[in-house]
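Participant: Got a structure for you, run14.txt, holding compact mmCIF, C-alpha atoms.
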```
# COMPACT_ATOMS: atom_id res chain seq x y z
CA MET P 698 -19.99 50.27 15.17
CA ALA P 699 -17.82 52.87 13.43
CA LEU P 700 -20.67 53.78 11.08
CA GLN P 701 -23.02 54.22 14.04
CA GLN P 702 -20.50 56.48 15.78
CA ALA P 703 -20.06 58.56 12.63
CA TRP P 704 -23.85 58.83 12.23
CA ASP P 705 -24.29 59.95 15.84
CA ARG P 706 -21.55 62.54 15.48
CA GLN P 707 -23.11 63.92 12.30
CA ARG P 708 -26.53 64.09 13.94
CA TRP P 709 -25.29 66.01 16.98
CA LYS P 710 -23.34 68.37 14.76
CA ALA P 711 -26.47 69.11 12.69
CA MET P 712 -28.54 69.69 15.83
CA GLY P 713 -25.94 72.10 17.19
CA GLN P 714 -25.88 73.99 13.90
CA HIS P 715 -29.68 74.33 13.82
CA ALA P 716 -29.75 75.47 17.44
CA PHE P 717 -27.08 78.07 16.68
CA PHE P 718 -29.10 79.47 13.74
CA VAL P 719 -32.35 79.68 15.74
CA THR P 720 -30.63 81.24 18.77
CA VAL P 721 -28.88 83.99 16.81
CA LEU P 722 -32.02 84.83 14.82
CA ALA P 723 -34.24 84.81 17.93
CA LEU P 724 -31.90 87.02 19.95
CA SER P 725 -31.71 89.55 17.11
CA MET P 726 -35.46 90.07 17.07
CA PRO P 727 -35.80 91.92 20.44
CA GLY P 728 -33.25 94.50 19.38
CA ALA P 729 -35.03 95.06 16.08
CA LEU P 730 -38.42 95.41 17.78
CA ALA P 731 -37.23 97.49 20.76
CA GLY P 732 -38.28 100.90 19.43
CA ALA P 733 -40.95 102.65 21.49
CA ASP P 734 -42.62 104.11 18.39
CA MET P 735 -42.69 100.77 16.56
CA THR P 736 -45.82 100.54 14.38
CA THR P 737 -47.46 97.40 13.11
CA GLY P 738 -46.11 97.94 9.62
CA ALA P 739 -42.58 98.50 10.92
CA ALA P 740 -42.82 95.38 13.04
CA LEU P 741 -44.03 93.31 10.09
CA SER P 742 -41.17 94.68 7.95
CA ARG P 743 -38.78 93.16 10.49
CA ILE P 744 -40.63 89.95 11.35
CA GLY P 745 -41.45 89.03 7.73
CA PRO P 746 -37.85 88.83 6.41
CA ALA P 747 -36.78 86.97 9.57
CA VAL P 748 -39.49 84.34 9.07
CA GLY P 749 -38.63 84.09 5.37
CA LEU P 750 -34.97 83.56 6.22
CA ALA P 751 -35.87 80.85 8.73
CA LEU P 752 -38.03 79.05 6.16
CA TRP P 753 -35.28 79.35 3.55
CA TYR P 754 -32.80 77.78 5.98
CA ALA P 755 -35.23 75.02 6.96
CA TYR P 756 -35.84 74.06 3.33
CA TRP P 757 -32.26 74.02 2.04
CA ILE P 758 -30.37 72.93 5.15
CA ALA P 759 -32.70 71.03 7.49
CA LEU P 760 -34.98 69.29 4.97
CA ARG P 761 -32.59 68.75 2.05
CA GLY P 762 -29.62 67.76 4.22
CA GLY P 763 -27.26 70.61 3.38
CA THR P 764 -25.50 70.61 6.75
CA ASP P 765 -22.12 69.50 5.40
CA ARG P 766 -22.40 70.75 1.83
CA PRO P 767 -24.75 73.77 1.67
CA PRO P 768 -25.98 74.33 -1.89
CA LEU P 769 -25.22 77.58 -3.70
CA PRO P 770 -28.90 78.66 -3.95
CA TYR P 771 -29.10 78.67 -0.15
CA LEU P 772 -26.08 80.94 0.18
CA VAL P 773 -27.30 83.41 -2.47
CA GLY P 774 -30.84 83.60 -1.08
CA ALA P 775 -29.80 83.75 2.58
CA LEU P 776 -27.25 86.53 2.02
CA SER P 777 -29.79 88.50 0.00
CA GLY P 778 -32.36 88.17 2.78
CA TRP P 779 -29.80 89.16 5.44
CA ALA P 780 -28.81 92.24 3.40
CA VAL P 781 -32.44 93.36 3.27
CA MET P 782 -32.85 92.79 7.02
CA ALA P 783 -29.65 94.70 7.84
CA VAL P 784 -30.83 97.66 5.74
CA VAL P 785 -34.21 97.67 7.48
CA ASP P 786 -32.62 97.52 10.94
CA PRO P 787 -28.89 97.27 11.88
CA ALA P 788 -29.91 95.06 14.81
CA PHE P 789 -30.03 92.20 12.29
CA LEU P 790 -26.29 92.44 11.55
CA PRO P 791 -25.42 89.44 13.76
CA VAL P 792 -27.79 87.30 11.70
CA ALA P 793 -24.87 86.99 9.27
CA MET P 794 -23.38 84.46 11.68
CA ALA P 795 -26.57 82.40 11.51
CA VAL P 796 -26.68 82.63 7.71
CA LEU P 797 -23.09 81.41 7.43
CA SER P 798 -23.40 78.78 10.19
CA PRO P 799 -23.27 75.81 7.75
CA TYR P 800 -19.86 77.08 6.66
CA LEU P 801 -18.52 78.64 9.85
CA LEU P 802 -19.18 75.64 12.12
CA ARG P 803 -16.57 73.73 10.18
CA TRP P 804 -14.10 76.12 11.78
CA ALA P 805 -15.94 76.61 15.05
CA TRP P 806 -13.18 78.38 16.98
CA TRP P 807 -12.81 80.93 14.17
CA SER P 808 -16.57 81.29 14.21
CA ALA P 809 -16.46 82.16 17.91
CA GLY P 810 -14.00 84.92 17.12
CA GLY P 811 -16.27 86.18 14.35
CA VAL P 812 -19.23 86.21 16.75
CA LEU P 813 -17.25 88.31 19.20
CA VAL P 814 -16.26 90.77 16.47
CA LEU P 815 -19.84 91.15 15.26
CA GLY P 816 -21.14 91.44 18.82
CA ALA P 817 -18.62 94.17 19.55
CA ALA P 818 -19.59 95.99 16.33
CA TRP P 819 -23.26 95.70 17.23
CA SER P 820 -22.65 97.00 20.74
CA TRP P 821 -20.55 99.87 19.40
CA GLN P 822 -23.32 100.76 16.96
CA SER P 823 -25.82 100.80 19.85
CA LEU P 824 -23.55 103.03 21.96
CA THR P 825 -22.72 105.51 19.20
CA THR P 826 -26.23 106.18 17.94
CA ASP P 827 -27.65 109.61 18.49
CA GLY P 828 -29.87 109.96 21.49
CA PRO P 829 -30.04 108.03 24.72
CA VAL P 830 -28.54 104.55 24.89
CA ASP P 831 -31.14 101.82 24.60
CA VAL P 832 -30.25 99.66 27.60
CA ARG P 833 -32.50 96.82 26.50
CA ALA P 834 -30.97 96.68 23.04
CA LEU P 835 -27.45 96.82 24.46
CA THR P 836 -28.26 94.11 27.00
CA GLY P 837 -29.76 91.93 24.30
CA CYS P 838 -26.68 92.45 22.17
CA VAL P 839 -24.30 91.42 24.94
CA LEU P 840 -26.40 88.43 25.99
CA GLY P 841 -26.87 87.31 22.39
CA THR P 842 -23.16 87.53 21.75
CA ALA P 843 -22.40 85.54 24.91
CA VAL P 844 -24.93 82.84 24.05
CA ALA P 845 -23.68 82.59 20.47
CA VAL P 846 -20.06 82.29 21.61
CA THR P 847 -21.02 79.66 24.18
CA ILE P 848 -22.91 77.58 21.65
CA THR P 849 -20.11 77.85 19.11
CA CYS P 850 -17.45 76.81 21.62
CA TYR P 851 -19.61 73.94 22.81
CA VAL P 852 -20.09 72.67 19.27
CA ALA P 853 -16.34 73.00 18.65
CA THR P 854 -15.60 70.98 21.78
CA LEU P 855 -18.07 68.27 20.80
CA ASP P 856 -16.61 68.06 17.31
CA HIS P 857 -13.06 67.84 18.68
CA GLU P 858 -13.99 65.09 21.14
CA SER P 859 -15.90 63.15 18.48
CA HIS P 860 -12.84 63.25 16.21
CA LYS P 861 -10.66 61.96 19.04
CA ARG P 862 -13.08 59.16 19.77
CA GLN P 863 -13.28 58.27 16.10
CA LEU P 864 -9.48 58.03 15.92
CA LEU P 865 -9.47 55.78 18.97
CA LEU P 866 -12.17 53.61 17.44
CA ASP P 867 -10.22 53.34 14.19
CA GLU P 868 -7.07 52.36 16.08
CA LEU P 869 -9.01 49.81 18.11
CA THR P 870 -10.56 48.34 14.97
CA ALA P 871 -7.15 48.08 13.29
CA THR P 872 -5.63 46.46 16.40
CA GLN P 873 -8.46 43.95 16.60
CA ALA P 874 -8.04 43.11 12.91
CA GLU P 875 -4.28 42.57 13.37
CA ARG P 876 -4.89 40.41 16.41
CA ALA P 877 -7.50 38.36 14.57
CA ALA P 878 -5.10 37.86 11.64
CA ALA P 879 -2.31 36.80 14.00
CA GLU P 880 -4.64 34.37 15.77
CA ARG P 881 -5.78 32.92 12.45
CA GLN P 882 -2.18 32.47 11.35
CA ALA P 883 -1.23 30.86 14.65
CA GLY P 884 -4.24 28.56 14.44
CA THR P 885 -3.34 27.61 10.86
CA LEU P 886 0.25 26.80 11.83
CA ALA P 887 -0.91 24.78 14.83
CA GLU P 888 -3.35 22.80 12.69
CA ARG P 889 -0.68 22.12 10.06
CA GLN P 890 1.68 20.87 12.75
CA ARG P 891 -1.04 18.64 14.18
CA LEU P 892 -1.76 17.18 10.75
CA ALA P 893 1.97 16.64 10.19
CA ARG P 894 2.20 14.70 13.46
CA GLU P 895 -0.88 12.63 12.61
CA VAL P 896 0.41 11.75 9.14
CA HIS P 897 3.84 10.88 10.53
CA ASP P 898 2.47 8.71 13.33
CA THR P 899 -0.06 6.85 11.17
CA LEU P 900 0.54 6.75 7.41
CA THR P 901 4.32 7.16 7.43
CA GLN P 902 4.89 4.59 10.13
CA GLY P 903 2.40 2.23 8.49
CA PHE P 904 4.08 2.41 5.08
CA ALA P 905 7.48 1.89 6.70
CA SER P 906 6.22 -1.24 8.47
CA ILE P 907 4.67 -2.58 5.25
CA ALA P 908 7.94 -2.02 3.38
CA MET P 909 9.89 -3.88 6.08
CA LEU P 910 7.46 -6.84 6.08
CA LEU P 911 7.52 -7.07 2.29
CA ASP P 912 11.32 -6.93 2.32
CA ALA P 913 11.39 -9.84 4.77
CA ALA P 914 8.81 -11.77 2.72
CA ARG P 915 10.86 -11.30 -0.45
CA ASP P 916 13.90 -12.90 1.20
CA ASP P 917 11.82 -16.02 1.91
CA LEU P 918 10.73 -16.43 -1.72
CA PRO P 919 12.72 -18.02 -4.56
CA PRO P 920 14.50 -15.27 -6.55
CA GLY P 921 12.85 -14.54 -9.88
CA SER P 922 9.60 -16.30 -9.03
CA PRO P 923 6.25 -14.66 -9.92
CA ALA P 924 5.46 -14.23 -6.23
CA ALA P 925 8.81 -12.53 -5.62
CA ARG P 926 8.15 -10.14 -8.50
CA ARG P 927 4.71 -9.25 -7.13
CA VAL P 928 6.20 -8.70 -3.69
CA GLU P 929 8.88 -6.51 -5.26
CA GLN P 930 6.19 -4.44 -6.99
CA ALA P 931 4.21 -4.11 -3.76
CA MET P 932 7.35 -3.11 -1.88
CA ARG P 933 8.15 -0.48 -4.50
CA THR P 934 4.63 0.91 -4.19
CA ALA P 935 4.89 0.97 -0.40
CA ARG P 936 8.23 2.82 -0.60
CA ASP P 937 6.81 5.33 -3.06
CA ASN P 938 3.88 6.03 -0.77
CA LEU P 939 6.25 6.23 2.19
CA ALA P 940 8.22 8.91 0.33
CA GLU P 941 4.98 10.72 -0.51
CA SER P 942 3.84 10.71 3.12
CA ARG P 943 7.23 12.05 4.22
CA ARG P 944 7.00 14.74 1.59
CA LEU P 945 3.55 15.64 2.89
CA VAL P 946 4.91 15.89 6.43
CA HIS P 947 7.69 18.17 5.24
CA ALA P 948 5.19 20.26 3.27
CA LEU P 949 2.99 20.72 6.31
CA ARG P 950 5.87 21.43 8.66
CA PRO P 951 9.14 22.47 6.97
CA ALA P 952 11.50 21.15 9.64
CA PRO P 953 14.71 22.44 7.97
CA LEU P 954 13.64 26.02 8.66
CA ASP P 955 13.27 25.30 12.38
CA ARG P 956 17.05 25.41 12.74
CA THR P 957 18.45 27.32 9.76
CA HIS P 958 17.76 29.93 7.07
CA LEU P 959 16.22 29.40 3.65
CA ALA P 960 19.52 29.16 1.76
CA GLU P 961 20.91 26.52 4.12
CA ALA P 962 17.64 24.58 4.03
CA VAL P 963 17.75 24.51 0.22
CA ARG P 964 21.35 23.27 0.35
CA GLU P 965 20.19 20.43 2.59
CA LEU P 966 17.48 19.51 0.07
CA THR P 967 19.88 19.34 -2.88
CA ALA P 968 22.42 17.44 -0.77
CA ARG P 969 19.76 14.88 0.15
CA LEU P 970 18.70 14.56 -3.49
CA ALA P 971 22.30 13.91 -4.57
CA GLU P 972 22.84 11.39 -1.78
CA GLU P 973 19.65 9.41 -2.36
CA THR P 974 19.55 9.33 -6.17
CA GLY P 975 23.11 9.87 -7.40
CA THR P 976 21.90 12.90 -9.39
CA GLU P 977 24.27 15.84 -9.62
CA ALA P 978 22.43 18.36 -7.46
CA TYR P 979 23.83 21.66 -6.25
CA THR P 980 22.80 25.06 -4.94
CA VAL P 981 23.92 28.51 -6.08
CA VAL P 982 23.47 31.58 -3.83
CA THR P 983 24.27 35.03 -5.20
CA GLY P 984 23.93 38.45 -3.64
CA ARG P 985 23.47 39.27 0.01
CA PRO P 986 20.93 36.96 1.69
CA ALA P 987 18.10 38.83 3.44
CA ALA P 988 15.78 37.45 6.08
CA LEU P 989 12.17 36.94 5.04
CA PRO P 990 9.10 36.40 7.26
CA PRO P 991 9.02 32.80 8.51
CA SER P 992 5.76 32.11 6.70
CA THR P 993 7.25 33.31 3.40
CA GLU P 994 10.40 31.23 3.82
CA GLY P 995 8.23 28.22 4.62
CA GLU P 996 6.21 28.64 1.43
CA LEU P 997 9.36 29.07 -0.68
CA LEU P 998 10.95 25.97 0.83
CA ARG P 999 7.83 23.94 0.06
CA VAL P 1000 7.90 25.14 -3.54
CA VAL P 1001 11.55 24.13 -3.90
CA GLN P 1002 10.74 20.75 -2.33
CA GLU P 1003 7.93 20.18 -4.81
CA ALA P 1004 10.09 21.21 -7.77
CA LEU P 1005 12.89 18.83 -6.68
CA THR P 1006 10.37 16.04 -6.14
CA ASN P 1007 9.02 16.53 -9.66
CA ALA P 1008 12.55 16.47 -11.06
CA ARG P 1009 13.27 13.29 -9.11
CA ARG P 1010 10.12 11.41 -10.06
CA HIS P 1011 9.29 12.54 -13.59
CA SER P 1012 12.21 14.17 -15.40
CA ARG P 1013 14.90 11.44 -15.20
CA ALA P 1014 17.38 14.30 -14.93
CA MET P 1015 21.14 13.83 -14.60
CA SER P 1016 21.68 17.30 -13.12
CA VAL P 1017 19.51 19.57 -11.00
CA SER P 1018 20.42 23.07 -9.83
CA VAL P 1019 18.72 25.53 -7.49
CA THR P 1020 19.74 29.19 -7.77
CA LEU P 1021 18.83 31.78 -5.13
CA SER P 1022 19.56 35.31 -6.37
CA TYR P 1023 19.16 38.16 -3.87
CA LEU P 1024 18.73 41.19 -6.13
CA GLY P 1025 18.22 43.95 -3.56
CA ASP P 1026 14.45 44.26 -3.74
CA VAL P 1027 13.48 40.76 -4.90
CA LEU P 1028 14.56 37.18 -4.36
CA ALA P 1029 14.65 35.07 -7.53
CA ILE P 1030 14.67 31.27 -7.23
CA ASP P 1031 15.29 29.06 -10.25
CA VAL P 1032 15.05 25.26 -10.10
CA GLN P 1033 16.49 23.83 -13.33
CA ASP P 1034 16.96 20.25 -14.53
CA ASP P 1035 18.17 18.65 -17.75
CA GLY P 1036 15.48 15.99 -17.84
CA THR P 1037 12.84 15.00 -20.34
CA GLY P 1038 10.74 18.12 -19.89
CA PHE P 1039 7.17 18.50 -21.09
CA ALA P 1040 5.02 20.74 -23.26
CA PRO P 1041 3.40 23.55 -21.21
CA ALA P 1042 1.06 24.21 -24.14
CA ALA P 1043 -0.54 20.86 -23.41
CA ARG P 1044 -2.20 22.53 -20.36
CA HIS P 1045 -0.41 20.41 -17.77
CA THR P 1046 -2.63 20.59 -14.74
CA GLY P 1047 -0.71 18.57 -12.18
CA VAL P 1048 -1.64 19.23 -8.59
CA GLY P 1049 2.00 19.96 -7.75
CA LEU P 1050 2.27 22.87 -10.20
CA ILE P 1051 -1.10 24.26 -9.14
CA THR P 1052 -0.10 24.09 -5.48
CA MET P 1053 3.23 25.82 -6.15
CA ARG P 1054 1.50 28.60 -8.05
CA GLU P 1055 -0.99 29.11 -5.21
CA ARG P 1056 1.77 29.22 -2.59
CA ILE P 1057 3.70 31.89 -4.47
CA ALA P 1058 0.55 33.93 -5.08
CA ALA P 1059 -0.11 33.85 -1.32
CA VAL P 1060 3.23 35.62 -0.66
CA HIS P 1061 2.65 38.18 -3.47
CA GLY P 1062 5.28 36.67 -5.76
CA THR P 1063 5.41 35.50 -9.38
CA PHE P 1064 5.62 31.92 -10.62
CA ALA P 1065 6.55 30.62 -14.08
CA VAL P 1066 7.46 27.28 -15.66
CA GLU P 1067 9.62 26.99 -18.77
CA SER P 1068 9.90 23.57 -20.41
CA SER P 1069 9.86 21.72 -23.69
CA PRO P 1070 10.16 18.02 -24.54
CA GLY P 1071 13.76 16.85 -24.28
CA GLU P 1072 15.03 20.26 -23.11
CA GLY P 1073 14.52 20.04 -19.37
CA THR P 1074 12.42 22.20 -17.08
CA THR P 1075 12.97 25.48 -15.23
CA VAL P 1076 10.76 26.66 -12.41
CA ALA P 1077 11.20 30.43 -11.85
CA VAL P 1078 9.95 32.18 -8.71
CA THR P 1079 10.35 35.80 -7.56
CA VAL P 1080 9.20 37.31 -4.26
CA PRO P 1081 9.73 40.84 -2.88
CA LEU P 1082 12.39 41.35 -0.21
CA PRO P 1083 12.22 43.69 2.79
CA VAL P 1084 13.33 47.23 1.99
CA GLU P 1085 16.08 47.15 4.58
CA PRO P 1086 17.98 43.90 5.15
CA SER P 1087 17.61 42.47 8.62
CA ALA P 1088 20.67 42.42 10.82
CA SER P 1089 19.95 38.79 11.63
CA ALA P 1090 20.24 37.71 8.01
CA PRO P 1091 22.88 35.07 7.26
CA SER P 1092 26.22 36.19 5.99
CA ALA P 1093 26.59 36.74 2.27
CA VAL P 1094 27.60 33.74 0.23
CA SER P 1095 28.44 34.15 -3.43
CA GLY P 1096 29.41 31.70 -6.08
CA THR P 1097 28.49 28.06 -6.54
CA GLU P 1098 28.32 25.18 -4.10
CA ARG P 1099 28.10 21.77 -5.76
CA MET P 1100 27.13 18.49 -4.21
CA ALA P 1101 28.88 15.67 -5.99
CA PRO P 1102 26.85 12.64 -6.90
CA ALA P 1103 26.78 9.96 -4.27
CA SER P 1104 29.03 7.04 -4.96
```
In structure tokens, what does this structure look like?

Facilitator:
Amino acid sequence: MALQQAWDRQRWKAMGQHAFFVTVLALSMPGALAGADMTTGAALSRIGPAVGLALWYAYWIALRGGTDRPPLPYLVGALSGWAVMAVVDPAFLPVAMAVLSPYLLRWAWWSAGGVLVLGAAWSWQSLTTDGPVDVRALTGCVLGTAVAVTITCYVATLDHESHKRQLLLDELTATQAERAAAERQAGTLAERQRLAREVHDTLTQGFASIAMLLDAARDDLPPGSPAARRVEQAMRTARDNLAESRRLVHALRPAPLDRTHLAEAVRELTARLAEETGTEAYTVVTGRPAALPPSTEGELLRVVQEALTNARRHSRAMSVSVTLSYLGDVLAIDVQDDGTGFAPAARHTGVGLITMRERIAAVHGTFAVESSPGEGTTVAVTVPLPVEPSASAPSAVSGTERMAPAS
């Protein structure tokens, strides 16, 4: 649509420019041919250069598309032809406006002023010549000047209105794009919440029921029997899958952020980890916390959740720390554990790490993992902060908050 509008505007501008050239050249001819003693040779000396100039303009401007960027050969040839015509008869002086029309119509209002100046000079030349005043030549001069000024002003008005319309179209296109992006984001969030509800109401509840039934069945079996051990293994599997389904629900819909800020939500995660596993888990917040867009905070919380889940399931860590450092223009998050670690050079391609990397890339941040066997693991994340902190940001908290292991 915008391209079509731009094409239409360019076409009308070119048509106005061609009409201006033809009008000025045509109105100059009667004045040049107005002499009573005009012979055939004298008439041809005036008509020939005018036709040559018209053909020159048609070739370089109309046929070769030089409306916006007239080539240098056109300017040199057209000015040379106009100079010859002006020497033959001063009535061709206004043709300079036609020659320069590809340049002057870019500044149409200035061109109108130039037309008036040339028209006045032409009229003055007609009035100050020796002998009686040629009324026809003077009338042609005045009418030609009026027509040229009218055409120039009309083209200027069209160009101004087309620019205004183009600006409105650009604003409308930008607004529609923003609205579409907002609708896509809202639809994505709604779909994630729907999936979270479905998973919670089906898989999570199902695994919880299976775990309860297996727990009751284990109590009815002799302790240490093969059947009791198999039930214990099945119950452990059910509980692991129950935890995974709950983690999936939290990943789809980060409930902690519905009622608090990112720093407080991370504190809740480490507190829960310490309570459920007995691991020493704590959170450190340094600098002045700044509010981030809800979608960004949601992605960061999911990354921290995934990192803590990995530390809980795979690292056998005794201590886990999460550090949030507000550094003015960036937020740095480090999740560190003292567990078994792994070798990044082994091209670990777990889905969890890939998902975390994709989430951070989506919010224009950086993601890195530092680990080695027996040395623990550190997940490092940085995301840009708003230039000016929001007034609604939580109050600054510095130092270290530790959650003691659960007894």

Participant: Looking at P:Ala747, P:Gly713, P:Tyr756, P:Leu741, which one is nearest to Thr854 in chain P, with distances taken over only C-alpha atoms?

Facilitator: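 Of all the options, P:Gly713 lies closest to Thr854 in chain P.
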
Participant: Using only C-alpha atoms, which of P:Glu996, P:Asp1035, P:Glu875, P:Glu1055 sits nearest Glu1072 in chain P?

Facilitator: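 The closest residue to Glu1072 in chain P is P:Asp1035.
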
Participant: Could you name the residues that touch Ser742 in chain P at 12 Å or less, counting only C-alpha atoms, but leaving out those on the same chain fewer than 2 positions away, as a PyMOL selection string?

Facilitator: chain P and resi 726+729-730+735-740+744-749+781-786

Participant: Write out as a ChimeraX atom specification the residues lying within 6 Å of range 1021-1034 of chain P, counting all atoms listed in the file and excluding same-chain residues fewer than 2 positions away.

Facilitator: /P:982-986,1014,1016-1019,1036,1073-1082

Participant: For the selection just defined, write its residues with C-alpha atoms to a file, as a tab-separated table (two decimals), in the coordinates of the input.

Facilitator:
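Generated file (again06.tsv):
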```
chain	number	residue	atom	x	y	z
P	982	VAL	CA	23.47	31.58	-3.83
P	983	THR	CA	24.27	35.03	-5.20
P	984	GLY	CA	23.93	38.45	-3.64
P	985	ARG	CA	23.47	39.27	0.01
P	986	PRO	CA	20.93	36.96	1.69
P	1014	ALA	CA	17.38	14.30	-14.93
P	1016	SER	CA	21.68	17.30	-13.12
P	1017	VAL	CA	19.51	19.57	-11.00
P	1018	SER	CA	20.42	23.07	-9.83
P	1019	VAL	CA	18.72	25.53	-7.49
P	1036	GLY	CA	15.48	15.99	-17.84
P	1073	GLY	CA	14.52	20.04	-19.37
P	1074	THR	CA	12.42	22.20	-17.08
P	1075	THR	CA	12.97	25.48	-15.23
P	1076	VAL	CA	10.76	26.66	-12.41
P	1077	ALA	CA	11.20	30.43	-11.85
P	1078	VAL	CA	9.95	32.18	-8.71
P	1079	THR	CA	10.35	35.80	-7.56
P	1080	VAL	CA	9.20	37.31	-4.26
P	1081	PRO	CA	9.73	40.84	-2.88
P	1082	LEU	CA	12.39	41.35	-0.21
```

Participant: Do a neighbour search on Gln1002 in chain P at 9 Å with only C-alpha atoms, toss out local chain neighbours closer than 2 positions, and write the hits as a ChimeraX atom specification.

Facilitator: /P:944,947-948,963,966,997-1000,1004-1007

Participant: Check the smallest atom-to-atom distance from each of P:Ala883, P:Ala925, P:Ala731, P:Ala940 to Ala905 in chain P using all atoms listed in the file, then report the winner.

Facilitator: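 Of P:Ala883, P:Ala925, P:Ala731, P:Ala940, the one nearest Ala905 in chain P, counting all atoms listed in the file, is P:Ala940.
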